[in-house]
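Participant: Sharing data-v8.cif here; it has mmCIF, N, CA and C atoms.
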```cif
data_start
loop_
_atom_site.label_atom_id
_atom_site.label_comp_id
_atom_site.auth_asym_id
_atom_site.auth_seq_id
_atom_site.Cartn_x
_atom_site.Cartn_y
_atom_site.Cartn_z
N MET A 1 0.24 -6.66 18.55
CA MET A 1 0.72 -6.86 17.19
C MET A 1 0.77 -5.52 16.46
N ALA A 2 1.92 -5.20 15.95
CA ALA A 2 2.06 -3.98 15.17
C ALA A 2 1.97 -4.31 13.69
N GLN A 3 1.43 -3.36 12.93
CA GLN A 3 1.37 -3.57 11.49
C GLN A 3 2.76 -3.33 10.90
N VAL A 4 3.18 -4.22 10.03
CA VAL A 4 4.47 -4.12 9.37
C VAL A 4 4.19 -3.77 7.91
N GLU A 5 4.99 -2.87 7.35
CA GLU A 5 4.79 -2.45 5.96
C GLU A 5 6.12 -2.36 5.23
N ALA A 6 6.12 -2.83 3.99
CA ALA A 6 7.29 -2.73 3.11
C ALA A 6 6.81 -2.17 1.77
N THR A 7 7.47 -1.10 1.30
CA THR A 7 7.09 -0.48 0.03
C THR A 7 8.32 -0.31 -0.84
N THR A 8 8.16 -0.62 -2.12
CA THR A 8 9.23 -0.48 -3.10
C THR A 8 8.63 0.11 -4.37
N GLU A 9 9.38 0.94 -5.07
CA GLU A 9 8.87 1.50 -6.33
C GLU A 9 9.98 1.60 -7.36
N ARG A 10 9.55 1.73 -8.62
CA ARG A 10 10.51 1.81 -9.73
C ARG A 10 9.86 2.52 -10.90
N ILE A 11 10.65 3.36 -11.58
CA ILE A 11 10.22 3.95 -12.84
C ILE A 11 10.62 2.98 -13.94
N ILE A 12 9.67 2.67 -14.82
CA ILE A 12 9.89 1.68 -15.87
C ILE A 12 9.65 2.35 -17.22
N ALA A 13 10.54 2.07 -18.16
CA ALA A 13 10.46 2.67 -19.49
C ALA A 13 9.48 1.90 -20.38
N ALA A 14 8.22 1.92 -19.97
CA ALA A 14 7.13 1.31 -20.73
C ALA A 14 5.85 1.98 -20.24
N ASP A 15 4.83 2.01 -21.10
CA ASP A 15 3.59 2.67 -20.69
C ASP A 15 2.89 1.90 -19.58
N ALA A 16 2.08 2.61 -18.80
CA ALA A 16 1.44 2.05 -17.62
C ALA A 16 0.54 0.85 -17.95
N GLU A 17 -0.15 0.91 -19.07
CA GLU A 17 -1.04 -0.19 -19.44
C GLU A 17 -0.26 -1.48 -19.67
N THR A 18 0.87 -1.40 -20.36
CA THR A 18 1.71 -2.57 -20.61
C THR A 18 2.24 -3.15 -19.30
N VAL A 19 2.72 -2.28 -18.41
CA VAL A 19 3.26 -2.72 -17.13
C VAL A 19 2.18 -3.39 -16.30
N PHE A 20 1.01 -2.75 -16.21
CA PHE A 20 -0.09 -3.31 -15.43
C PHE A 20 -0.55 -4.65 -15.99
N ASP A 21 -0.74 -4.71 -17.31
CA ASP A 21 -1.18 -5.96 -17.94
C ASP A 21 -0.19 -7.10 -17.71
N THR A 22 1.09 -6.78 -17.69
CA THR A 22 2.12 -7.79 -17.44
C THR A 22 2.03 -8.30 -16.00
N LEU A 23 1.87 -7.38 -15.04
CA LEU A 23 1.72 -7.79 -13.63
C LEU A 23 0.46 -8.63 -13.42
N ALA A 24 -0.62 -8.27 -14.12
CA ALA A 24 -1.91 -8.94 -13.94
C ALA A 24 -1.98 -10.29 -14.66
N ASP A 25 -0.97 -10.61 -15.48
CA ASP A 25 -0.95 -11.85 -16.25
C ASP A 25 -0.36 -12.98 -15.41
N TYR A 26 -1.16 -13.46 -14.46
CA TYR A 26 -0.70 -14.51 -13.54
C TYR A 26 -0.49 -15.84 -14.24
N SER A 27 -1.20 -16.09 -15.34
CA SER A 27 -1.07 -17.37 -16.03
C SER A 27 0.07 -17.37 -17.05
N GLY A 28 0.72 -16.23 -17.24
CA GLY A 28 1.82 -16.16 -18.21
C GLY A 28 3.04 -15.44 -17.66
N ALA A 29 3.03 -14.12 -17.76
CA ALA A 29 4.22 -13.33 -17.45
C ALA A 29 4.63 -13.34 -15.98
N ARG A 30 3.68 -13.32 -15.07
CA ARG A 30 4.01 -13.11 -13.65
C ARG A 30 5.02 -14.13 -13.12
N GLU A 31 4.81 -15.41 -13.42
CA GLU A 31 5.72 -16.43 -12.90
C GLU A 31 7.15 -16.18 -13.37
N LYS A 32 7.31 -15.68 -14.59
CA LYS A 32 8.65 -15.43 -15.16
C LYS A 32 9.36 -14.27 -14.46
N LEU A 33 8.58 -13.38 -13.81
CA LEU A 33 9.15 -12.20 -13.16
C LEU A 33 9.66 -12.48 -11.75
N LEU A 34 9.22 -13.60 -11.17
CA LEU A 34 9.51 -13.87 -9.77
C LEU A 34 10.98 -14.24 -9.54
N PRO A 35 11.62 -13.59 -8.55
CA PRO A 35 12.99 -13.99 -8.21
C PRO A 35 13.00 -15.33 -7.48
N GLU A 36 14.19 -15.80 -7.14
CA GLU A 36 14.36 -17.14 -6.56
C GLU A 36 13.69 -17.32 -5.20
N HIS A 37 13.23 -16.27 -4.58
CA HIS A 37 12.56 -16.35 -3.28
C HIS A 37 11.17 -16.98 -3.37
N PHE A 38 10.64 -17.11 -4.58
CA PHE A 38 9.31 -17.67 -4.80
C PHE A 38 9.43 -19.09 -5.34
N SER A 39 8.56 -19.98 -4.85
CA SER A 39 8.56 -21.36 -5.35
C SER A 39 7.12 -21.88 -5.34
N GLU A 40 6.95 -23.06 -5.94
CA GLU A 40 5.64 -23.75 -5.98
C GLU A 40 4.51 -22.86 -6.51
N TYR A 41 4.84 -22.07 -7.53
CA TYR A 41 3.87 -21.16 -8.15
C TYR A 41 2.78 -21.95 -8.86
N GLU A 42 1.52 -21.59 -8.62
CA GLU A 42 0.41 -22.28 -9.26
C GLU A 42 -0.82 -21.37 -9.31
N VAL A 43 -1.36 -21.20 -10.51
CA VAL A 43 -2.62 -20.48 -10.66
C VAL A 43 -3.74 -21.49 -10.45
N ARG A 44 -4.61 -21.23 -9.48
CA ARG A 44 -5.68 -22.18 -9.14
C ARG A 44 -7.03 -21.77 -9.72
N GLU A 45 -7.22 -20.48 -9.94
CA GLU A 45 -8.44 -19.98 -10.59
C GLU A 45 -8.08 -18.76 -11.40
N GLY A 46 -8.82 -18.52 -12.48
CA GLY A 46 -8.60 -17.32 -13.29
C GLY A 46 -7.23 -17.33 -13.92
N GLY A 47 -6.52 -16.23 -13.75
CA GLY A 47 -5.18 -16.13 -14.33
C GLY A 47 -4.87 -14.76 -14.88
N ASP A 48 -5.92 -13.91 -15.00
CA ASP A 48 -5.71 -12.56 -15.52
C ASP A 48 -6.40 -11.55 -14.61
N GLY A 49 -5.65 -11.01 -13.66
CA GLY A 49 -6.15 -9.95 -12.78
C GLY A 49 -7.29 -10.39 -11.87
N GLU A 50 -8.32 -9.55 -11.79
CA GLU A 50 -9.48 -9.76 -10.92
C GLU A 50 -10.00 -11.19 -11.00
N GLY A 51 -10.21 -11.79 -9.82
CA GLY A 51 -10.75 -13.14 -9.78
C GLY A 51 -9.72 -14.25 -9.79
N THR A 52 -8.45 -13.88 -9.89
CA THR A 52 -7.39 -14.89 -9.89
C THR A 52 -7.15 -15.38 -8.47
N LEU A 53 -6.89 -16.66 -8.35
CA LEU A 53 -6.45 -17.27 -7.10
C LEU A 53 -5.11 -17.93 -7.41
N VAL A 54 -4.05 -17.46 -6.78
CA VAL A 54 -2.71 -17.93 -7.09
C VAL A 54 -2.00 -18.36 -5.81
N HIS A 55 -1.20 -19.41 -5.92
CA HIS A 55 -0.46 -19.94 -4.78
C HIS A 55 1.04 -19.82 -5.06
N TRP A 56 1.80 -19.50 -4.01
CA TRP A 56 3.25 -19.61 -4.06
C TRP A 56 3.79 -19.68 -2.65
N LYS A 57 5.03 -20.10 -2.55
CA LYS A 57 5.74 -20.03 -1.28
C LYS A 57 6.78 -18.93 -1.42
N LEU A 58 6.84 -18.08 -0.41
CA LEU A 58 7.78 -16.96 -0.39
C LEU A 58 8.79 -17.21 0.72
N GLN A 59 10.04 -17.39 0.33
CA GLN A 59 11.11 -17.61 1.30
C GLN A 59 11.77 -16.27 1.58
N ALA A 60 11.31 -15.62 2.66
CA ALA A 60 11.79 -14.29 3.01
C ALA A 60 13.19 -14.34 3.60
N THR A 61 13.50 -15.37 4.37
CA THR A 61 14.84 -15.57 4.94
C THR A 61 15.15 -17.06 4.83
N SER A 62 16.35 -17.44 5.28
CA SER A 62 16.71 -18.86 5.19
C SER A 62 15.80 -19.74 6.04
N LYS A 63 15.19 -19.15 7.08
CA LYS A 63 14.33 -19.93 7.98
C LYS A 63 12.85 -19.60 7.84
N ARG A 64 12.50 -18.51 7.19
CA ARG A 64 11.11 -18.04 7.17
C ARG A 64 10.50 -18.23 5.78
N VAL A 65 9.53 -19.16 5.67
CA VAL A 65 8.83 -19.41 4.41
C VAL A 65 7.34 -19.19 4.65
N ARG A 66 6.73 -18.36 3.83
CA ARG A 66 5.28 -18.13 3.91
C ARG A 66 4.60 -18.91 2.80
N ASP A 67 3.60 -19.69 3.17
CA ASP A 67 2.77 -20.41 2.19
C ASP A 67 1.60 -19.48 1.87
N CYS A 68 1.59 -18.90 0.67
CA CYS A 68 0.63 -17.86 0.32
C CYS A 68 -0.42 -18.39 -0.67
N LEU A 69 -1.69 -18.09 -0.39
CA LEU A 69 -2.79 -18.37 -1.29
C LEU A 69 -3.52 -17.05 -1.46
N LEU A 70 -3.31 -16.42 -2.61
CA LEU A 70 -3.70 -15.03 -2.80
C LEU A 70 -4.92 -14.87 -3.70
N GLU A 71 -5.88 -14.09 -3.20
CA GLU A 71 -7.04 -13.69 -3.99
C GLU A 71 -6.72 -12.33 -4.59
N VAL A 72 -6.91 -12.21 -5.90
CA VAL A 72 -6.56 -10.97 -6.59
C VAL A 72 -7.82 -10.18 -6.91
N THR A 73 -7.78 -8.87 -6.60
CA THR A 73 -8.85 -7.95 -6.98
C THR A 73 -8.23 -6.74 -7.68
N GLU A 74 -9.07 -6.02 -8.39
CA GLU A 74 -8.66 -4.77 -9.04
C GLU A 74 -9.62 -3.67 -8.60
N PRO A 75 -9.41 -3.10 -7.40
CA PRO A 75 -10.36 -2.11 -6.88
C PRO A 75 -10.48 -0.84 -7.73
N THR A 76 -9.38 -0.42 -8.36
CA THR A 76 -9.41 0.77 -9.24
C THR A 76 -8.50 0.51 -10.43
N ASP A 77 -8.60 1.35 -11.45
CA ASP A 77 -7.72 1.24 -12.61
C ASP A 77 -6.26 1.35 -12.17
N GLY A 78 -5.43 0.46 -12.66
CA GLY A 78 -4.01 0.50 -12.36
C GLY A 78 -3.65 -0.06 -11.00
N GLN A 79 -4.59 -0.73 -10.35
CA GLN A 79 -4.32 -1.27 -9.01
C GLN A 79 -4.69 -2.75 -8.93
N LEU A 80 -3.74 -3.55 -8.45
CA LEU A 80 -3.96 -4.97 -8.16
C LEU A 80 -3.77 -5.16 -6.67
N VAL A 81 -4.68 -5.89 -6.04
CA VAL A 81 -4.55 -6.19 -4.61
C VAL A 81 -4.55 -7.71 -4.45
N GLU A 82 -3.53 -8.22 -3.77
CA GLU A 82 -3.38 -9.65 -3.51
C GLU A 82 -3.55 -9.88 -2.00
N LYS A 83 -4.67 -10.51 -1.61
CA LYS A 83 -4.95 -10.79 -0.20
C LYS A 83 -4.68 -12.26 0.08
N ASP A 84 -3.81 -12.51 1.05
CA ASP A 84 -3.42 -13.87 1.40
C ASP A 84 -4.49 -14.51 2.29
N ARG A 85 -5.04 -15.63 1.84
CA ARG A 85 -6.03 -16.37 2.65
C ARG A 85 -5.39 -17.02 3.88
N ASN A 86 -4.07 -17.20 3.86
CA ASN A 86 -3.39 -17.91 4.93
C ASN A 86 -2.81 -16.99 6.02
N SER A 87 -2.93 -15.68 5.85
CA SER A 87 -2.35 -14.75 6.83
C SER A 87 -3.03 -13.39 6.67
N SER A 88 -2.51 -12.42 7.39
CA SER A 88 -3.03 -11.05 7.30
C SER A 88 -2.36 -10.25 6.18
N MET A 89 -1.47 -10.87 5.42
CA MET A 89 -0.68 -10.17 4.42
C MET A 89 -1.54 -9.70 3.23
N VAL A 90 -1.36 -8.43 2.87
CA VAL A 90 -2.02 -7.84 1.71
C VAL A 90 -0.96 -7.08 0.92
N THR A 91 -0.85 -7.39 -0.37
CA THR A 91 0.09 -6.71 -1.24
C THR A 91 -0.70 -5.92 -2.28
N THR A 92 -0.35 -4.64 -2.41
CA THR A 92 -1.02 -3.76 -3.37
C THR A 92 0.00 -3.28 -4.39
N TRP A 93 -0.35 -3.45 -5.65
CA TRP A 93 0.45 -2.96 -6.78
C TRP A 93 -0.28 -1.78 -7.39
N ILE A 94 0.40 -0.67 -7.58
CA ILE A 94 -0.20 0.49 -8.23
C ILE A 94 0.72 0.91 -9.36
N VAL A 95 0.15 1.00 -10.57
CA VAL A 95 0.92 1.41 -11.74
C VAL A 95 0.29 2.68 -12.30
N THR A 96 1.10 3.74 -12.42
CA THR A 96 0.61 5.02 -12.93
C THR A 96 1.56 5.55 -14.00
N PRO A 97 1.05 6.38 -14.93
CA PRO A 97 1.92 7.00 -15.91
C PRO A 97 2.96 7.89 -15.22
N ALA A 98 4.14 7.97 -15.80
CA ALA A 98 5.22 8.79 -15.23
C ALA A 98 5.97 9.50 -16.35
N GLY A 99 5.21 10.16 -17.22
CA GLY A 99 5.83 10.83 -18.35
C GLY A 99 5.70 9.99 -19.61
N GLU A 100 6.13 10.56 -20.71
CA GLU A 100 6.00 9.90 -22.01
C GLU A 100 6.70 8.54 -22.06
N GLY A 101 5.91 7.50 -22.30
CA GLY A 101 6.45 6.15 -22.44
C GLY A 101 7.01 5.56 -21.16
N LYS A 102 6.68 6.13 -20.02
CA LYS A 102 7.19 5.62 -18.74
C LYS A 102 6.04 5.42 -17.77
N SER A 103 6.31 4.59 -16.78
CA SER A 103 5.32 4.38 -15.73
C SER A 103 6.04 4.20 -14.40
N LYS A 104 5.28 4.39 -13.35
CA LYS A 104 5.79 4.18 -11.99
C LYS A 104 5.03 3.00 -11.41
N ALA A 105 5.78 1.99 -10.98
CA ALA A 105 5.18 0.81 -10.34
C ALA A 105 5.55 0.85 -8.86
N VAL A 106 4.53 0.79 -8.01
CA VAL A 106 4.73 0.79 -6.56
C VAL A 106 4.11 -0.48 -6.00
N VAL A 107 4.87 -1.20 -5.18
CA VAL A 107 4.35 -2.40 -4.52
C VAL A 107 4.49 -2.18 -3.02
N SER A 108 3.39 -2.41 -2.32
CA SER A 108 3.36 -2.21 -0.87
C SER A 108 2.71 -3.42 -0.22
N THR A 109 3.38 -3.99 0.77
CA THR A 109 2.86 -5.15 1.49
C THR A 109 2.72 -4.79 2.96
N VAL A 110 1.57 -5.13 3.52
CA VAL A 110 1.32 -4.91 4.95
C VAL A 110 0.84 -6.22 5.58
N TRP A 111 1.18 -6.42 6.85
CA TRP A 111 0.70 -7.56 7.59
C TRP A 111 0.79 -7.26 9.08
N ASN A 112 0.07 -8.03 9.86
CA ASN A 112 0.12 -7.90 11.31
C ASN A 112 1.33 -8.66 11.82
N GLY A 113 2.27 -7.93 12.40
CA GLY A 113 3.51 -8.53 12.88
C GLY A 113 3.34 -9.20 14.23
N ALA A 114 4.36 -9.89 14.63
CA ALA A 114 4.38 -10.56 15.92
C ALA A 114 4.47 -9.53 17.04
N GLY A 115 4.16 -9.95 18.24
CA GLY A 115 4.30 -9.08 19.40
C GLY A 115 5.66 -9.26 20.05
N GLY A 116 5.93 -8.47 21.07
CA GLY A 116 7.15 -8.61 21.87
C GLY A 116 8.42 -8.34 21.10
N ILE A 117 9.50 -8.96 21.58
CA ILE A 117 10.82 -8.73 20.99
C ILE A 117 10.89 -9.25 19.56
N GLY A 118 10.19 -10.38 19.29
CA GLY A 118 10.14 -10.90 17.92
C GLY A 118 9.50 -9.91 16.98
N GLY A 119 8.45 -9.25 17.44
CA GLY A 119 7.78 -8.23 16.64
C GLY A 119 8.67 -7.04 16.37
N PHE A 120 9.49 -6.67 17.36
CA PHE A 120 10.44 -5.57 17.17
C PHE A 120 11.40 -5.89 16.03
N PHE A 121 11.98 -7.10 16.07
CA PHE A 121 12.92 -7.49 15.01
C PHE A 121 12.23 -7.62 13.66
N GLU A 122 11.00 -8.15 13.66
CA GLU A 122 10.26 -8.27 12.41
C GLU A 122 10.01 -6.89 11.80
N LYS A 123 9.55 -5.95 12.63
CA LYS A 123 9.24 -4.61 12.14
C LYS A 123 10.51 -3.88 11.67
N THR A 124 11.64 -4.22 12.29
CA THR A 124 12.91 -3.58 11.94
C THR A 124 13.51 -4.15 10.66
N PHE A 125 13.52 -5.49 10.53
CA PHE A 125 14.27 -6.11 9.44
C PHE A 125 13.43 -6.64 8.27
N ALA A 126 12.20 -7.06 8.53
CA ALA A 126 11.38 -7.64 7.46
C ALA A 126 11.13 -6.68 6.29
N PRO A 127 10.83 -5.39 6.56
CA PRO A 127 10.60 -4.49 5.42
C PRO A 127 11.80 -4.37 4.49
N LYS A 128 13.00 -4.37 5.04
CA LYS A 128 14.21 -4.28 4.20
C LYS A 128 14.36 -5.54 3.35
N GLY A 129 14.16 -6.70 3.96
CA GLY A 129 14.28 -7.96 3.22
C GLY A 129 13.24 -8.09 2.13
N LEU A 130 12.00 -7.77 2.49
CA LEU A 130 10.93 -7.84 1.49
C LEU A 130 11.14 -6.79 0.41
N GLY A 131 11.66 -5.63 0.79
CA GLY A 131 11.97 -4.59 -0.19
C GLY A 131 12.97 -5.08 -1.23
N ARG A 132 14.00 -5.81 -0.78
CA ARG A 132 14.99 -6.36 -1.72
C ARG A 132 14.35 -7.37 -2.67
N ILE A 133 13.45 -8.20 -2.13
CA ILE A 133 12.78 -9.20 -2.95
C ILE A 133 11.93 -8.51 -4.03
N TYR A 134 11.16 -7.50 -3.62
CA TYR A 134 10.30 -6.81 -4.59
C TYR A 134 11.11 -5.92 -5.54
N ASP A 135 12.25 -5.43 -5.09
CA ASP A 135 13.11 -4.67 -5.99
C ASP A 135 13.60 -5.58 -7.11
N ALA A 136 13.94 -6.83 -6.78
CA ALA A 136 14.37 -7.80 -7.80
C ALA A 136 13.21 -8.10 -8.75
N LEU A 137 12.00 -8.26 -8.22
CA LEU A 137 10.83 -8.52 -9.07
C LEU A 137 10.58 -7.35 -10.00
N LEU A 138 10.67 -6.11 -9.48
CA LEU A 138 10.46 -4.93 -10.33
C LEU A 138 11.55 -4.80 -11.39
N ALA A 139 12.77 -5.17 -11.06
CA ALA A 139 13.85 -5.17 -12.05
C ALA A 139 13.56 -6.18 -13.17
N ASN A 140 13.06 -7.37 -12.79
CA ASN A 140 12.68 -8.37 -13.79
C ASN A 140 11.51 -7.87 -14.64
N LEU A 141 10.55 -7.20 -14.01
CA LEU A 141 9.43 -6.62 -14.74
C LEU A 141 9.93 -5.59 -15.76
N ALA A 142 10.81 -4.70 -15.32
CA ALA A 142 11.35 -3.69 -16.22
C ALA A 142 12.08 -4.34 -17.40
N ALA A 143 12.91 -5.33 -17.13
CA ALA A 143 13.64 -6.02 -18.20
C ALA A 143 12.67 -6.68 -19.18
N HIS A 144 11.56 -7.21 -18.66
CA HIS A 144 10.57 -7.90 -19.49
C HIS A 144 9.83 -6.93 -20.42
N VAL A 145 9.41 -5.79 -19.91
CA VAL A 145 8.58 -4.88 -20.71
C VAL A 145 9.37 -3.84 -21.48
N GLU A 146 10.65 -3.65 -21.15
CA GLU A 146 11.46 -2.64 -21.84
C GLU A 146 12.17 -3.20 -23.06
N LYS A 147 11.88 -4.45 -23.45
CA LYS A 147 12.53 -5.08 -24.60
C LYS A 147 12.27 -4.32 -25.87
#
```
Once you've parsed the file, please lay out its structure as structure tokens.

Facilitator:
Amino acid sequence: MAQVEATTERIIAADAETVFDTLADYSGAREKLLPEHFSEYEVREGGDGEGTLVHWKLQATSKRVRDCLLEVTEPTDGQLVEKDRNSSMVTTWIVTPAGEGKSKAVVSTVWNGAGGIGGFFEKTFAPKGLGRIYDALLANLAAHVEK
């Protein structure tokens, strides 16, 4: 099994604290930011950053749907980590200042991919697909906080 990684980033015209707080608001803003690839969104515990337990289904392709149950931690300032209880998938969000009134949001997801030929295709195509999904989410985030 090879590790598969997808990373996407965006400069957002809002301060880092606002961007981070919006991402960490699982009981309010986060659901509104999700593109159509996400369904069955439900906050099961907490709702604001550290200690949140959130569920959703992620439809990465027409045939591939991941049932995700994510535990949220905040290991450092400006960092959210979502660990899926149902798989090896871990998504890390890092928000840092990027000049006056701007911030840089980076989202990186890693998981243990399949072996063999299926793993080759997963490692080749999954990062691009997931990158498009997170690019849409970051665009929605920017539209939300740049009002």

Participant: Please provide as a ChimeraX atom specification all residues within 7 Å of range 20-37 of chain A, with the sequence filter that same-chain residues fewer than 6 positions apart are discarded (counting all atoms listed in the file).

Facilitator: /A:43,46-50,57-60,78,95,133,136-138,140-141

Participant: Between atom C of Asn112 in chain A and atom C of Ile11 in chain A, what distance in Å does the model show, to one decimal?

Facilitator: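 Computed distance, atom C of Asn112 in chain A to atom C of Ile11 in chain A, equals 29.8 Å.
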
Participant: What parts of range 15-87 of chain A does DSSP call alpha helix (DSSP H)? I'd like the answer as a count of residues only.

Facilitator: 14

Participant: Which of these residues is nearest to Val90 in chain A, using only C-alpha atoms: A:Thr61, A:Ser39, A:Thr76, A:Gln3?

Facilitator: A:Gln3

Participant: Between A:Ala142, A:Cys68, A:Ala6, A:Val110, which has the minimum distance to Ser88 in chain A (counting only N, CA and C atoms)?

Facilitator: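 Smallest distance to Ser88 in chain A is found for A:Val110.
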
Participant: Just how far from atom N of Ala105 in chain A is atom C of Arg85 in chain A, in Å to one decimal?

Facilitator: 26.6 Å

Participant: Atom C of His55 in chain A and atom C of Asp67 in chain A are how many Å apart?

Facilitator: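 Computed distance, atom C of His55 in chain A to atom C of Asp67 in chain A, equals 7.0 Å.
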
Participant: Which residue out of A:Leu69, A:Leu53, A:Val145, A:Leu80 has the minimum interatomic distance to Val19 in chain A when all atoms listed in the file are used?

Facilitator: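 Comparing A:Leu69, A:Leu53, A:Val145, A:Leu80 against Val19 in chain A, the winner is A:Val145.
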
Participant: Rank nothing, just name the residue among A:Glu71, A:Gly131, A:Thr96, A:Ala13 nearest to Glu146 in chain A, using only N, CA and C atoms.

Facilitator: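 Nearest to Glu146 in chain A: A:Ala13.
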
Participant: Around all the atoms of range 87-97 of chain A listed in the file, draw an axis-aligned box and extend it by 6 Å on each of the six sides; I want its centre and edge lengths in Å to one decimal, as AutoDock Vina command-line options.

Facilitator:
```
--center_x 0.0 --center_y -3.9 --center_z -4.3 --size_x 18.0 --size_y 35.6 --size_z 35.3
```

Participant: Fewer than 3 positions away in the same chain doesn't count, so skip those; otherwise give me all residues within 8 Å of Glu82 in chain A, counting only C-alpha atoms, as a list of chain:residue names.

Facilitator: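 Final neighbour list, sorted by chain and number: A:Leu70, A:Glu71, A:Val72, A:Thr73, A:Val90, A:Thr91, A:Thr92.
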
Participant: Between A:Ala2, A:Thr52, A:Glu40, A:Thr7, which has the minimum distance to Arg132 in chain A (counting all atoms listed in the file)?

Facilitator: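 Closest to Arg132 in chain A of all the choices is A:Thr7.
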
Participant: Evaluate the PyMOL selection byres ((chain A and resi 103) around 6) against this structure - the residues, as a PyMOL selection string, please.

Facilitator: chain A and resi 10-16+96-99+101-102+104-105

Participant: Apply DSSP to the backbone of this structure and, from chain A, keep only the residues in strand (DSSP E or B); write these as a ChimeraX atom specification.

Facilitator: /A:3-12,25,38-45,48,53-59,65-73,79-84,90-97,103-112

Participant: Calculated over all atoms listed in the file, which of the candidates A:Asp84, A:Tyr134, A:Val54, A:Ala143 has the smallest distance to Glu9 in chain A?

Facilitator: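 Selected residue with least distance to Glu9 in chain A: A:Tyr134.
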